[in-house]
>>> print(open('data_23.cif').read())   # mmCIF, C-alpha atoms and all ligand atoms
data_query
loop_
_atom_site.label_atom_id
_atom_site.label_comp_id
_atom_site.auth_asym_id
_atom_site.auth_seq_id
_atom_site.Cartn_x
_atom_site.Cartn_y
_atom_site.Cartn_z
CA MET A 1 0.00 0.00 0.00
CA LYS A 2 1.29 3.48 -0.87
CA THR A 3 1.78 6.07 1.83
CA VAL A 4 -0.77 8.89 1.78
CA LYS A 5 2.01 11.38 0.98
CA ASP A 6 3.30 9.36 -2.01
CA PHE A 7 -0.23 8.74 -3.26
CA PHE A 8 -1.09 12.44 -3.32
CA ASN A 9 2.26 13.40 -4.80
CA GLN A 10 1.34 11.36 -7.88
CA LYS A 11 -2.24 12.41 -8.37
CA VAL A 12 -2.05 16.04 -9.34
CA GLY A 13 -4.18 15.73 -12.42
CA GLU A 14 -7.02 18.17 -11.71
CA THR A 15 -7.86 20.31 -14.66
CA LYS A 16 -9.36 23.74 -14.27
CA ARG A 17 -12.53 22.40 -15.89
CA VAL A 18 -13.03 19.69 -13.27
CA TYR A 19 -12.38 22.28 -10.57
CA GLN A 20 -15.02 24.55 -11.99
CA ILE A 21 -17.68 21.85 -11.77
CA THR A 22 -16.84 20.17 -8.47
CA GLY A 23 -16.26 23.61 -7.09
CA LYS A 24 -19.79 24.70 -7.96
CA ILE A 25 -21.17 21.69 -6.09
CA HIS A 26 -19.21 22.25 -2.89
CA LYS A 27 -19.99 25.95 -3.24
CA LEU A 28 -23.72 25.15 -3.11
CA TYR A 29 -23.20 23.95 0.45
CA LEU A 30 -20.44 26.26 1.61
CA ASP A 31 -22.28 29.37 0.41
CA ARG A 32 -25.17 28.44 2.70
CA LEU A 33 -22.87 28.89 5.70
CA SER A 34 -22.65 32.65 4.94
CA ILE A 35 -19.03 32.89 6.04
CA LYS A 36 -18.00 36.49 6.68
CA SER A 37 -15.12 38.04 4.79
CA GLY A 38 -12.01 38.97 6.75
CA LEU A 39 -11.97 35.79 8.86
CA THR A 40 -8.77 33.76 9.17
CA VAL A 41 -9.01 30.20 7.83
CA LEU A 42 -6.72 27.19 8.14
CA ASP A 43 -7.24 24.64 5.31
CA VAL A 44 -5.89 21.31 6.62
CA GLY A 45 -4.75 18.92 3.85
CA CYS A 46 -5.42 21.59 1.22
CA GLY A 47 -4.27 19.38 -1.67
CA SER A 48 -4.32 21.35 -4.91
CA GLY A 49 -6.00 24.19 -3.09
CA PHE A 50 -9.58 24.35 -4.34
CA PHE A 51 -11.04 25.20 -0.93
CA SER A 52 -8.19 27.58 -0.16
CA TRP A 53 -9.17 29.34 -3.37
CA TYR A 54 -12.83 29.34 -2.30
CA PHE A 55 -12.18 30.91 1.13
CA ASN A 56 -9.83 33.45 -0.44
CA SER A 57 -12.47 34.31 -3.05
CA ILE A 58 -14.98 35.23 -0.31
CA GLY A 59 -12.45 37.51 1.37
CA CYS A 60 -10.97 35.27 4.07
CA LYS A 61 -7.25 35.26 4.97
CA VAL A 62 -6.16 31.71 4.24
CA THR A 63 -3.31 29.56 5.54
CA ALA A 64 -3.19 26.08 4.01
CA ILE A 65 -1.06 23.03 4.81
CA ASP A 66 -0.37 19.79 2.96
CA PHE A 67 2.50 17.30 3.16
CA ALA A 68 2.42 16.37 -0.56
CA SER A 69 4.96 18.70 -2.19
CA GLU A 70 3.51 18.28 -5.69
CA ARG A 71 0.09 19.41 -4.46
CA ILE A 72 1.54 22.46 -2.73
CA ARG A 73 3.55 23.30 -5.85
CA PHE A 74 0.39 23.07 -8.01
CA ALA A 75 -1.59 25.18 -5.52
CA LYS A 76 1.08 27.89 -5.32
CA GLN A 77 1.25 28.10 -9.10
CA ASN A 78 -2.51 28.48 -9.51
CA ILE A 79 -3.75 30.37 -6.45
CA ASN A 80 -2.62 33.78 -5.19
CA ASN A 81 -2.97 35.34 -1.78
CA VAL A 82 -2.86 32.09 0.21
CA ASN A 83 -0.09 31.18 2.67
CA PHE A 84 0.65 27.61 1.53
CA ILE A 85 2.75 25.52 3.92
CA LEU A 86 4.47 22.26 3.00
CA GLY A 87 4.28 20.16 6.16
CA ASP A 88 2.65 17.39 8.17
CA PHE A 89 -0.37 18.80 9.98
CA MET A 90 0.10 16.35 12.85
CA LYS A 91 3.62 17.67 13.54
CA TYR A 92 3.51 21.31 12.45
CA LYS A 93 3.58 23.93 15.22
CA PHE A 94 1.23 26.81 14.35
CA LYS A 95 1.96 30.16 15.96
CA ASN A 96 -1.63 31.47 15.78
CA LYS A 97 -5.19 30.25 16.15
CA PHE A 98 -7.81 30.70 13.40
CA ASP A 99 -11.46 31.79 13.12
CA ILE A 100 -12.17 28.75 10.96
CA VAL A 101 -10.27 25.47 10.86
CA PHE A 102 -11.38 23.55 7.79
CA ALA A 103 -10.69 20.12 6.29
CA ALA A 104 -12.15 18.44 3.20
CA ALA A 105 -11.44 14.76 2.63
CA THR A 106 -8.36 14.94 4.88
CA LEU A 107 -9.42 13.20 8.11
CA MET A 108 -10.37 10.26 5.89
CA HIS A 109 -6.67 9.72 5.19
CA ILE A 110 -5.40 10.13 8.77
CA LYS A 111 -5.42 6.90 10.81
CA ASP A 112 -5.62 8.69 14.14
CA TYR A 113 -8.40 10.99 12.99
CA LYS A 114 -9.45 11.69 16.60
CA LYS A 115 -6.04 13.13 17.40
CA ALA A 116 -6.13 15.17 14.17
CA LEU A 117 -9.58 16.53 14.99
CA GLU A 118 -8.52 17.37 18.55
CA LYS A 119 -5.54 19.28 17.15
CA MET A 120 -7.85 21.11 14.74
CA ILE A 121 -10.14 22.08 17.64
CA LYS A 122 -7.18 23.43 19.68
CA LEU A 123 -6.37 25.72 16.75
CA VAL A 124 -9.83 27.36 16.73
CA LYS A 125 -10.12 30.84 18.28
CA LYS A 126 -12.85 31.59 20.83
CA ASP A 127 -16.13 32.07 18.90
CA GLY A 128 -14.60 30.28 15.93
CA SER A 129 -15.66 27.25 13.88
CA ILE A 130 -14.57 23.86 12.66
CA ILE A 131 -15.86 23.00 9.18
CA LEU A 132 -15.48 19.46 7.86
CA ILE A 133 -16.41 17.77 4.59
CA GLU A 134 -15.75 14.02 4.78
CA PRO A 135 -17.11 10.81 3.22
CA TYR A 136 -20.23 9.38 4.81
CA ASP A 137 -20.95 5.80 5.84
CA ARG A 138 -23.36 4.08 8.19
CA GLU A 139 -20.43 3.14 10.39
CA THR A 140 -16.91 4.49 10.62
CA ARG A 141 -14.68 2.06 8.78
CA VAL A 142 -11.50 1.66 6.78
CA ILE A 143 -12.02 1.09 3.05
CA LYS A 144 -9.84 -1.28 1.04
CA ASN A 145 -7.89 0.86 -1.39
CA GLU A 146 -4.42 1.49 -2.77
CA VAL A 147 -4.01 4.11 -0.04
CA PHE A 148 -5.28 4.32 3.54
CA MET A 149 -8.79 5.75 3.62
CA GLN A 150 -11.82 5.60 5.85
CA ARG A 151 -15.40 6.78 5.85
CA PHE A 152 -17.26 8.09 8.86
CA ASN A 153 -20.52 7.84 10.59
CA PRO A 154 -20.86 11.56 11.36
CA LYS A 155 -22.04 10.67 14.89
CA ASP A 156 -18.47 9.61 15.74
CA ILE A 157 -17.15 12.97 14.60
CA ILE A 158 -19.91 14.87 16.41
CA GLU A 159 -19.13 12.97 19.62
CA ILE A 160 -15.53 14.20 19.55
CA LEU A 161 -16.66 17.76 18.76
CA ASN A 162 -19.12 17.75 21.67
CA LYS A 163 -16.53 16.33 24.10
CA GLU A 164 -14.22 19.18 23.14
CA ASN A 165 -16.95 21.78 23.77
CA MET A 166 -17.90 22.40 20.16
CA LYS A 167 -21.56 22.71 19.23
CA VAL A 168 -22.77 21.58 15.79
CA ILE A 169 -24.61 24.43 14.08
CA ALA A 170 -24.85 23.04 10.54
CA TYR A 171 -25.05 19.52 9.22
CA ASN A 172 -25.77 18.29 5.67
CA LYS A 173 -25.43 14.94 3.99
CA TYR A 174 -24.99 15.08 0.27
CA LEU A 175 -24.01 13.13 -2.78
CA ASN A 176 -20.43 13.08 -3.87
CA LEU A 177 -20.26 12.54 -7.57
CA LEU A 178 -16.61 13.42 -7.85
CA PRO A 179 -15.48 10.13 -9.43
CA LEU A 180 -18.15 10.47 -12.13
CA ILE A 181 -17.50 14.15 -12.60
CA HIS A 182 -13.79 13.52 -13.07
CA ARG A 183 -14.62 11.00 -15.81
CA PHE A 184 -17.35 12.93 -17.58
CA PRO A 185 -16.72 16.60 -16.88
CA HIS A 186 -18.65 17.70 -19.98
CA LEU A 187 -21.92 16.60 -18.31
CA ASP A 188 -21.64 19.46 -15.85
CA ARG A 189 -25.28 20.57 -16.05
CA LEU A 190 -26.45 17.05 -15.26
CA TRP A 191 -24.14 16.79 -12.21
CA LEU A 192 -25.36 20.07 -10.83
CA LEU A 193 -28.96 19.06 -11.32
CA ILE A 194 -28.49 15.72 -9.55
CA GLU A 195 -26.59 17.33 -6.69
CA SER A 196 -29.45 19.77 -6.12
CA PHE A 197 -31.73 16.80 -5.33
CA PRO A 198 -29.80 14.55 -2.98
CA ILE A 199 -32.37 11.77 -2.84
CA LEU A 200 -29.86 9.05 -3.56
CA LYS A 201 -27.40 7.52 -1.11
CA PRO A 202 -25.41 10.27 0.61
CA ARG A 203 -21.67 10.11 0.04
CA SER A 204 -20.39 13.15 1.89
CA PHE A 205 -21.33 15.18 4.91
CA LEU A 206 -20.59 18.70 5.92
CA ILE A 207 -20.44 19.73 9.57
CA ARG A 208 -19.91 23.16 11.04
CA ALA A 209 -19.35 23.34 14.78
CA ASN A 210 -18.71 26.43 16.90
CA THR A 211 -16.90 26.89 20.20
CA ILE A 212 -19.31 27.09 23.13
C1 LIG A 301 -8.36 13.72 -0.70
S1 LIG A 301 -7.16 14.98 -0.62
C2 LIG A 301 -8.18 16.40 -0.35
C3 LIG A 301 -7.53 17.68 -0.81
C4 LIG A 301 -8.38 18.94 -0.62
N1 LIG A 301 -8.76 19.14 0.75
C5 LIG A 301 -9.62 18.87 -1.50
O1 LIG A 301 -10.68 18.50 -1.00
O2 LIG A 301 -9.52 19.22 -2.69
C6 LIG A 301 -6.40 14.76 0.98
C7 LIG A 301 -5.18 15.63 1.20
O3 LIG A 301 -4.77 15.57 2.56
C8 LIG A 301 -3.35 15.58 2.61
N2 LIG A 301 -2.93 15.05 3.91
C9 LIG A 301 -3.27 13.85 4.46
N3 LIG A 301 -2.70 13.72 5.67
C10 LIG A 301 -1.99 14.86 5.90
C11 LIG A 301 -1.17 15.33 6.97
N4 LIG A 301 -0.96 14.59 8.08
N5 LIG A 301 -0.58 16.55 6.86
C12 LIG A 301 -0.78 17.31 5.75
N6 LIG A 301 -1.54 16.91 4.69
C13 LIG A 301 -2.13 15.71 4.77
C14 LIG A 301 -2.95 14.75 1.40
O4 LIG A 301 -1.63 14.99 0.99
C15 LIG A 301 -3.98 15.21 0.36
O5 LIG A 301 -3.52 16.28 -0.42
#
>>> encode(input="data_23.cif", output="structure tokens", more="lines below")
Ligand SMILES: C[S@@+](CC[C@H](N)C(=O)[O-])C[C@H]1O[C@@H](n2cnc3c(N)ncnc32)[C@H](O)[C@@H]1O
Amino acid sequence: MKTVKDFFNQKVGETKRVYQITGKIHKLYLDRLSIKSGLTVLDVGCGSGFFSWYFNSIGCKVTAIDFASERIRFAKQNINNVNFILGDFMKYKFKNKFDIVFAAATLMHIKDYKKALEKMIKLVKKDGSIILIEPYDRETRVIKNEVFMQRFNPKDIIEILNKENMKVIAYNKYLNLLPLIHRFPHLDRLWLLIESFPILKPRSFLIRANTI
């Protein structure tokens, strides 16, 4: 099995077109959170930087970390105004706390996801938020794959948040059509239509929790 770092160093194939479509879908949900401009955001496991770009585009001040150098290189080349850090989130010592600590599809690749989430929570300022987008399952479990990955029952995540004095203020389950979208990007209108009616099996969930 490949290490997570090696796996993500190889897969840097996102085209701008795929970004535009998947971005619109995540935007549907993130826009509903009405995040104020001017807030500081930490994007944990930023990958090629789509969400860093999103938070920057709504006026937030973004710091983003990933340990896959190819991803950080791609992100730096394509996205301005973001402080991209090459490093392991679990080891990196941050000097400041943030208004929002965000992760999309990152906890799913960290074996000790509880420890990672606890570290994320410690980095949230008073009156700040954690925002997570992760893959959904009926029970938290590791998935057989060429790289370590797991899906979550959101209850397990919410339990950790509550223990650490975070209160969930937004929760959505939604479809994640990314594999299909990557294959058939030209069907963008269809993907957007389907995503607007999440009647099928949910694949992802979004949680926002605030400090109490
Ligand atoms: C599935 S990708 C998601 C990328 C991005 N958040 C997105 O949704 O477009 C997961 C990312 O997390 C990064 N990652 C996993 N564990 C990490 C760690 N301990 N420190 C930093 N980055 C990590 C991987 O390198 C990869 O880029």
>>> closest_residue(input="data_23.cif", among="A:Phe8, A:Tyr29, A:Tyr174, A:Tyr54", to="ligand LIG 301 (chain A)", atoms="only C-alpha atoms and all ligand atoms")
A:Phe8
>>> residues_near_ligand(input="data_23.cif", ligand="ligand LIG 301 (chain A)", cutoff="6 Å", atoms="only C-alpha atoms and all ligand atoms", output="PyMOL selection string")
chain A and resi 5+8+45-47+50+65-68+87-90+103-106+109-110
>>> residues_around(input="data_23.cif", residues="Lys97 in chain A", least_positions_apart="5", cutoff="8 Å", atoms="all atoms listed in the file", output="VMD selection string")
chain A and resid 122 to 125
>>> atom_distance(input="data_23.cif", atom1="CA of Ile181 in chain A", atom2="CA of Leu193 in chain A")
12.5 Å
>>> residues_around(input="data_23.cif", residues="Asn172 in chain A", least_positions_apart="4", cutoff="9 Å", atoms="all atoms listed in the file", output="PyMOL selection string")
chain A and resi 29+204-207
>>> residues_around(input="data_23.cif", residues="Phe55 in chain A", least_positions_apart="2", cutoff="12 Å", atoms="only C-alpha atoms", output="MDAnalysis selection string")
chainID A and resid 23 26:27 30:31 33:43 46 49:53 57:64 79:82 100:102 131
>>> atom_distance(input="data_23.cif", atom1="CA of Asn162 in chain A", atom2="CA of Gln150 in chain A")
21.2 Å
>>> closest_residue(input="data_23.cif", among="A:Leu107, A:Val4, A:Ile72, A:Leu117", to="Glu164 in chain A", atoms="all atoms listed in the file")
A:Leu117
>>> residues_near_point(input="data_23.cif", point="(-4.0, 4.5, -1.6)", cutoff="7 Å", atoms="all atoms listed in the file", output="list in words")
Met1, Lys2, Thr3, Val4, Phe7, Asn145, Glu146, Val147 and Phe148 of chain A
